[in-house]
$ cat input.txt   # compact mmCIF, C-alpha atoms
# COMPACT_ATOMS: atom_id res chain seq x y z
CA MET A 1 8.79 64.43 1.04
CA ASN A 2 6.32 67.05 2.20
CA GLN A 3 7.15 68.77 5.50
CA GLU A 4 3.45 69.04 6.44
CA VAL A 5 3.11 65.25 6.10
CA THR A 6 6.31 64.74 8.11
CA ASP A 7 4.93 67.06 10.83
CA PHE A 8 1.54 65.29 10.79
CA ILE A 9 3.15 61.89 11.34
CA GLY A 10 5.52 63.35 13.93
CA ALA A 11 2.55 64.69 15.91
CA ILE A 12 0.80 61.31 16.20
CA GLN A 13 0.63 60.60 19.94
CA GLU A 14 0.45 56.80 20.03
CA PRO A 15 3.87 55.26 19.23
CA TRP A 16 2.31 52.23 17.48
CA GLN A 17 0.20 54.51 15.26
CA LYS A 18 3.22 56.66 14.41
CA GLU A 19 5.23 53.55 13.53
CA LEU A 20 2.47 52.27 11.22
CA ALA A 21 2.09 55.68 9.55
CA VAL A 22 5.85 55.87 8.90
CA SER A 23 5.80 52.35 7.44
CA LEU A 24 2.79 53.07 5.22
CA ARG A 25 4.37 56.29 3.94
CA GLU A 26 7.46 54.28 3.05
CA VAL A 27 5.27 51.75 1.21
CA VAL A 28 3.89 54.57 -0.95
CA ARG A 29 7.38 55.99 -1.58
CA GLN A 30 8.56 52.52 -2.63
CA ALA A 31 5.55 51.89 -4.89
CA ILE A 32 5.36 55.42 -6.37
CA PRO A 33 8.77 57.08 -6.03
CA ASP A 34 7.54 60.31 -7.65
CA ALA A 35 4.31 60.55 -5.62
CA SER A 36 3.45 64.00 -4.36
CA GLU A 37 2.29 64.36 -0.77
CA ARG A 38 -0.04 66.84 0.87
CA ILE A 39 -2.29 67.28 3.85
CA GLN A 40 -5.89 67.42 2.71
CA TYR A 41 -9.00 66.92 4.86
CA LYS A 42 -6.59 66.80 7.83
CA LYS A 43 -4.78 63.64 6.66
CA PRO A 44 -1.82 62.72 4.44
CA HIS A 45 -2.78 62.15 0.81
CA PHE A 46 -0.43 60.70 -1.80
CA LEU A 47 -0.95 61.60 -5.44
CA LYS A 48 0.39 60.39 -8.76
CA ASN A 49 -0.03 62.71 -11.72
CA GLY A 50 -2.42 64.82 -9.63
CA LYS A 51 -4.74 61.88 -8.88
CA TYR A 52 -5.28 60.25 -5.49
CA ALA A 53 -3.25 57.08 -5.00
CA ALA A 54 -3.41 56.53 -1.21
CA VAL A 55 -4.39 58.11 2.11
CA ILE A 56 -3.30 57.48 5.69
CA SER A 57 -5.71 58.38 8.47
CA THR A 58 -5.70 57.83 12.19
CA SER A 59 -8.53 57.40 14.65
CA LYS A 60 -8.58 56.68 18.36
CA ASP A 61 -7.88 52.95 17.95
CA ALA A 62 -6.70 52.44 14.35
CA VAL A 63 -4.59 53.56 11.44
CA SER A 64 -6.43 53.31 8.13
CA PHE A 65 -4.73 53.04 4.76
CA THR A 66 -6.83 53.61 1.65
CA ILE A 67 -5.72 52.57 -1.82
CA PHE A 68 -7.47 54.39 -4.66
CA ASN A 69 -8.12 53.01 -8.17
CA ALA A 70 -8.31 49.57 -6.53
CA ALA A 71 -10.98 47.91 -8.71
CA GLY A 72 -8.49 45.56 -10.41
CA LEU A 73 -6.70 44.40 -7.26
CA GLU A 74 -7.01 40.89 -5.89
CA LEU A 75 -7.13 41.58 -2.17
CA PRO A 76 -7.54 39.05 0.66
CA GLU A 77 -11.14 38.43 1.74
CA GLY A 78 -12.28 40.28 4.83
CA LYS A 79 -9.20 42.50 5.26
CA PHE A 80 -10.16 45.52 3.14
CA GLU A 81 -13.40 47.51 3.22
CA GLY A 82 -15.04 49.92 0.82
CA PRO A 83 -16.30 50.17 -2.74
CA PRO A 84 -14.30 48.60 -5.61
CA GLU A 85 -12.61 51.88 -6.59
CA ARG A 86 -11.08 52.45 -3.14
CA LYS A 87 -10.21 49.89 -0.52
CA THR A 88 -9.31 50.61 3.09
CA LEU A 89 -7.28 48.48 5.48
CA LYS A 90 -7.79 49.24 9.19
CA LEU A 91 -4.81 48.40 11.36
CA ARG A 92 -5.18 48.25 15.12
CA LYS A 93 -2.57 48.01 17.86
CA GLY A 94 -0.53 44.84 17.36
CA ASP A 95 -1.59 44.37 13.72
CA THR A 96 1.06 43.95 11.06
CA PHE A 97 1.10 44.01 7.29
CA ASP A 98 3.46 42.84 4.56
CA PRO A 99 5.16 46.01 3.23
CA GLY A 100 6.25 44.29 0.02
CA GLN A 101 2.74 43.06 -0.75
CA MET A 102 1.22 46.43 0.16
CA ALA A 103 3.69 48.23 -2.12
CA ALA A 104 2.81 45.81 -4.93
CA TRP A 105 -0.92 46.60 -4.52
CA VAL A 106 -0.29 50.37 -4.40
CA GLY A 107 1.97 50.12 -7.45
CA GLN A 108 -0.57 48.06 -9.38
CA ALA A 109 -3.49 50.34 -8.42
CA SER A 110 -1.59 53.51 -9.35
CA SER A 111 -0.04 52.15 -12.58
CA SER A 112 -2.85 53.61 -14.71
CA LEU A 113 -2.92 57.03 -13.01

$ encode --input "input.txt" --output "structure tokens"
Amino acid sequence: MNQEVTDFIGAIQEPWQKELAVSLREVVRQAIPDASERIQYKKPHFLKNGKYAAVISTSKDAVSFTIFNAAGLELPEGKFEGPPERKTLKLRKGDTFDPGQMAAWVGQASSSL
């Protein structure tokens, strides 16, 4: 685990956003145990074999989670946004997600990296 990423998540002001970021980081660690982490463009990036696998970003009212290499994923209609190669889920206060399903998608998307 990268200390800069730990510090970034620790500095998130809204408790619900911090909780989601911790959960999403754990999803990546579960899906890609050897993922490397770094802060790039002021947000946590997760890489497998030097290639982007996922990104967590926060805004005023949401936590976004982007899965890269997502073209082959079967994702639920209307939940994810973006072009086929990278899909983003925006989570707002009170939203939940299935960590097991999310880890499966991240694992499937990153399997060819």

$ residues_around --input "input.txt" --residues "segment 46-55 of chain A" --least-positions-apart "4" --cutoff "9 Å" --atoms "all atoms listed in the file" --output "PyMOL selection string"
chain A and resi 25+28+32+34-39+64-69+86+106+109-110+113

$ closest_residue --input "input.txt" --among "A:Gln101, A:Gln30, A:Ser112, A:Gln40" --to "Ala70 of chain A" --atoms "only C-alpha atoms"
A:Ser112

$ atom_distance --input "input.txt" --atom1 "atom CA of Lys90 of chain A" --atom2 "atom CA of Ala62 of chain A"
6.2 Å

$ atom_distance --input "input.txt" --atom1 "atom CA of Ser111 of chain A" --atom2 "atom CA of Gly72 of chain A"
10.9 Å

$ residues_around --input "input.txt" --residues "Asp7 of chain A" --least-positions-apart "4" --cutoff "12 Å" --atoms "only C-alpha atoms" --output "PDB file with C-alpha atoms, in the frame of the given file"
ATOM      1  CA  MET A   1       8.790  64.430   1.040  1.00  0.00           C
ATOM      2  CA  ASN A   2       6.320  67.050   2.200  1.00  0.00           C
ATOM      3  CA  GLN A   3       7.150  68.770   5.500  1.00  0.00           C
ATOM      4  CA  ALA A  11       2.550  64.690  15.910  1.00  0.00           C
ATOM      5  CA  ILE A  12       0.800  61.310  16.200  1.00  0.00           C
ATOM      6  CA  GLN A  13       0.630  60.600  19.940  1.00  0.00           C
ATOM      7  CA  LYS A  18       3.220  56.660  14.410  1.00  0.00           C
ATOM      8  CA  ALA A  21       2.090  55.680   9.550  1.00  0.00           C
ATOM      9  CA  VAL A  22       5.850  55.870   8.900  1.00  0.00           C
ATOM     10  CA  ARG A  38      -0.040  66.840   0.870  1.00  0.00           C
ATOM     11  CA  ILE A  39      -2.290  67.280   3.850  1.00  0.00           C
ATOM     12  CA  LYS A  42      -6.590  66.800   7.830  1.00  0.00           C
ATOM     13  CA  LYS A  43      -4.780  63.640   6.660  1.00  0.00           C
ATOM     14  CA  PRO A  44      -1.820  62.720   4.440  1.00  0.00           C
TER      15      PRO A  44
END

$ closest_residue --input "input.txt" --among "A:Gly100, A:Gly107, A:Gly94, A:Pro33" --to "Glu19 of chain A" --atoms "all atoms listed in the file"
A:Gly94

$ residues_around --input "input.txt" --residues "Phe97 of chain A" --least-positions-apart "3" --cutoff "10 Å" --atoms "all atoms listed in the file" --output "MDAnalysis selection string"
chainID A and resid 20 23:24 89 91 100:102

$ write_last_selection --input "input.txt" --atoms "C-alpha atoms" --output "compact mmCIF listing (two decimals), in the frame of the given file"
# COMPACT_ATOMS: atom_id res chain seq x y z
CA LEU A 20 2.47 52.27 11.22
CA SER A 23 5.80 52.35 7.44
CA LEU A 24 2.79 53.07 5.22
CA LEU A 89 -7.28 48.48 5.48
CA LEU A 91 -4.81 48.40 11.36
CA GLY A 100 6.25 44.29 0.02
CA GLN A 101 2.74 43.06 -0.75
CA MET A 102 1.22 46.43 0.16

$ atom_distance --input "input.txt" --atom1 "atom CA of Trp105 of chain A" --atom2 "atom CA of Val27 of chain A"
9.9 Å

$ closest_residue --input "input.txt" --among "A:Asp98, A:Arg29, A:Gln108, A:His45" --to "Phe8 of chain A" --atoms "only C-alpha atoms"
A:His45

$ residues_around --input "input.txt" --residues "Arg92 of chain A" --least-positions-apart "3" --cutoff "7 Å" --atoms "all atoms listed in the file" --output "JSON, numbers by chain"
{"A": [61, 62, 63, 95]}

$ write_last_selection --input "input.txt" --atoms "C-alpha atoms" --output "JSON list (two decimals), keeping the file's coordinate frame"
[["chain", "number", "residue", "atom", "x", "y", "z"],
["A", 61, "ASP", "CA", -7.88, 52.95, 17.95],
["A", 62, "ALA", "CA", -6.70, 52.44, 14.35],
["A", 63, "VAL", "CA", -4.59, 53.56, 11.44],
["A", 95, "ASP", "CA", -1.59, 44.37, 13.72]]

$ closest_residue --input "input.txt" --among "A:Glu26, A:Glu4, A:Gly10, A:Trp16" --to "Thr96 of chain A" --atoms "all atoms listed in the file"
A:Trp16

$ build_atoms --input "input.txt" --residues "segment 54-79 of chain A" --atoms "N, CA, C and O atoms" --output "compact mmCIF listing (two decimals), in the frame of the given file"
# COMPACT_ATOMS: atom_id res chain seq x y z
N ALA A 54 -3.27 57.13 -2.55
CA ALA A 54 -3.41 56.53 -1.21
C ALA A 54 -3.61 57.62 -0.17
O ALA A 54 -3.26 58.78 -0.39
N VAL A 55 -4.17 57.21 0.97
CA VAL A 55 -4.39 58.11 2.11
C VAL A 55 -4.11 57.34 3.39
O VAL A 55 -4.47 56.16 3.52
N ILE A 56 -3.48 58.02 4.34
CA ILE A 56 -3.30 57.48 5.69
C ILE A 56 -4.19 58.30 6.61
O ILE A 56 -4.17 59.53 6.55
N SER A 57 -4.96 57.64 7.46
CA SER A 57 -5.71 58.38 8.47
C SER A 57 -5.65 57.64 9.80
O SER A 57 -5.50 56.43 9.83
N THR A 58 -5.75 58.42 10.85
CA THR A 58 -5.70 57.83 12.19
C THR A 58 -7.00 58.13 12.91
O THR A 58 -7.63 59.16 12.70
N SER A 59 -7.39 57.19 13.75
CA SER A 59 -8.53 57.40 14.65
C SER A 59 -8.06 56.97 16.04
O SER A 59 -6.90 56.60 16.21
N LYS A 60 -8.96 56.98 16.98
CA LYS A 60 -8.58 56.68 18.36
C LYS A 60 -7.89 55.32 18.48
O LYS A 60 -6.91 55.17 19.21
N ASP A 61 -8.40 54.30 17.75
CA ASP A 61 -7.88 52.95 17.95
C ASP A 61 -7.35 52.29 16.68
O ASP A 61 -7.14 51.08 16.67
N ALA A 62 -7.13 53.07 15.61
CA ALA A 62 -6.70 52.44 14.35
C ALA A 62 -5.92 53.41 13.47
O ALA A 62 -5.97 54.63 13.65
N VAL A 63 -5.20 52.82 12.55
CA VAL A 63 -4.59 53.56 11.44
C VAL A 63 -5.21 52.95 10.18
O VAL A 63 -5.17 51.73 10.00
N SER A 64 -5.81 53.79 9.36
CA SER A 64 -6.43 53.31 8.13
C SER A 64 -5.57 53.70 6.94
O SER A 64 -5.00 54.80 6.91
N PHE A 65 -5.50 52.80 5.98
CA PHE A 65 -4.73 53.04 4.76
C PHE A 65 -5.66 52.74 3.59
O PHE A 65 -6.15 51.61 3.45
N THR A 66 -5.93 53.76 2.78
CA THR A 66 -6.83 53.61 1.65
C THR A 66 -6.03 53.62 0.35
O THR A 66 -5.18 54.50 0.14
N ILE A 67 -6.32 52.65 -0.49
CA ILE A 67 -5.72 52.57 -1.82
C ILE A 67 -6.80 52.95 -2.82
O ILE A 67 -7.89 52.35 -2.82
N PHE A 68 -6.52 53.95 -3.64
CA PHE A 68 -7.47 54.39 -4.66
C PHE A 68 -7.23 53.63 -5.97
O PHE A 68 -6.16 53.06 -6.17
N ASN A 69 -8.22 53.66 -6.86
CA ASN A 69 -8.12 53.01 -8.17
C ASN A 69 -7.90 51.51 -7.98
O ASN A 69 -7.15 50.88 -8.71
N ALA A 70 -8.58 50.94 -6.98
CA ALA A 70 -8.31 49.57 -6.53
C ALA A 70 -9.17 48.50 -7.19
O ALA A 70 -9.07 47.33 -6.83
N ALA A 71 -10.02 48.86 -8.14
CA ALA A 71 -10.98 47.91 -8.71
C ALA A 71 -10.32 46.64 -9.25
O ALA A 71 -10.89 45.56 -9.15
N GLY A 72 -9.12 46.73 -9.81
CA GLY A 72 -8.49 45.56 -10.41
C GLY A 72 -7.64 44.72 -9.46
O GLY A 72 -7.05 43.73 -9.89
N LEU A 73 -7.57 45.11 -8.21
CA LEU A 73 -6.70 44.40 -7.26
C LEU A 73 -7.36 43.12 -6.74
O LEU A 73 -8.56 43.09 -6.50
N GLU A 74 -6.54 42.10 -6.56
CA GLU A 74 -7.01 40.89 -5.89
C GLU A 74 -6.54 40.95 -4.44
O GLU A 74 -5.39 40.66 -4.14
N LEU A 75 -7.46 41.37 -3.58
CA LEU A 75 -7.13 41.58 -2.17
C LEU A 75 -7.70 40.44 -1.34
O LEU A 75 -8.70 39.83 -1.71
N PRO A 76 -7.05 40.14 -0.20
CA PRO A 76 -7.54 39.05 0.66
C PRO A 76 -8.94 39.34 1.20
O PRO A 76 -9.25 40.48 1.55
N GLU A 77 -9.77 38.31 1.23
CA GLU A 77 -11.14 38.43 1.74
C GLU A 77 -11.15 38.93 3.18
O GLU A 77 -10.36 38.49 4.00
N GLY A 78 -12.04 39.87 3.46
CA GLY A 78 -12.28 40.28 4.83
C GLY A 78 -11.27 41.25 5.43
O GLY A 78 -11.44 41.68 6.56
N LYS A 79 -10.21 41.59 4.70
CA LYS A 79 -9.20 42.50 5.26
C LYS A 79 -9.48 43.96 4.88
O LYS A 79 -9.25 44.86 5.67
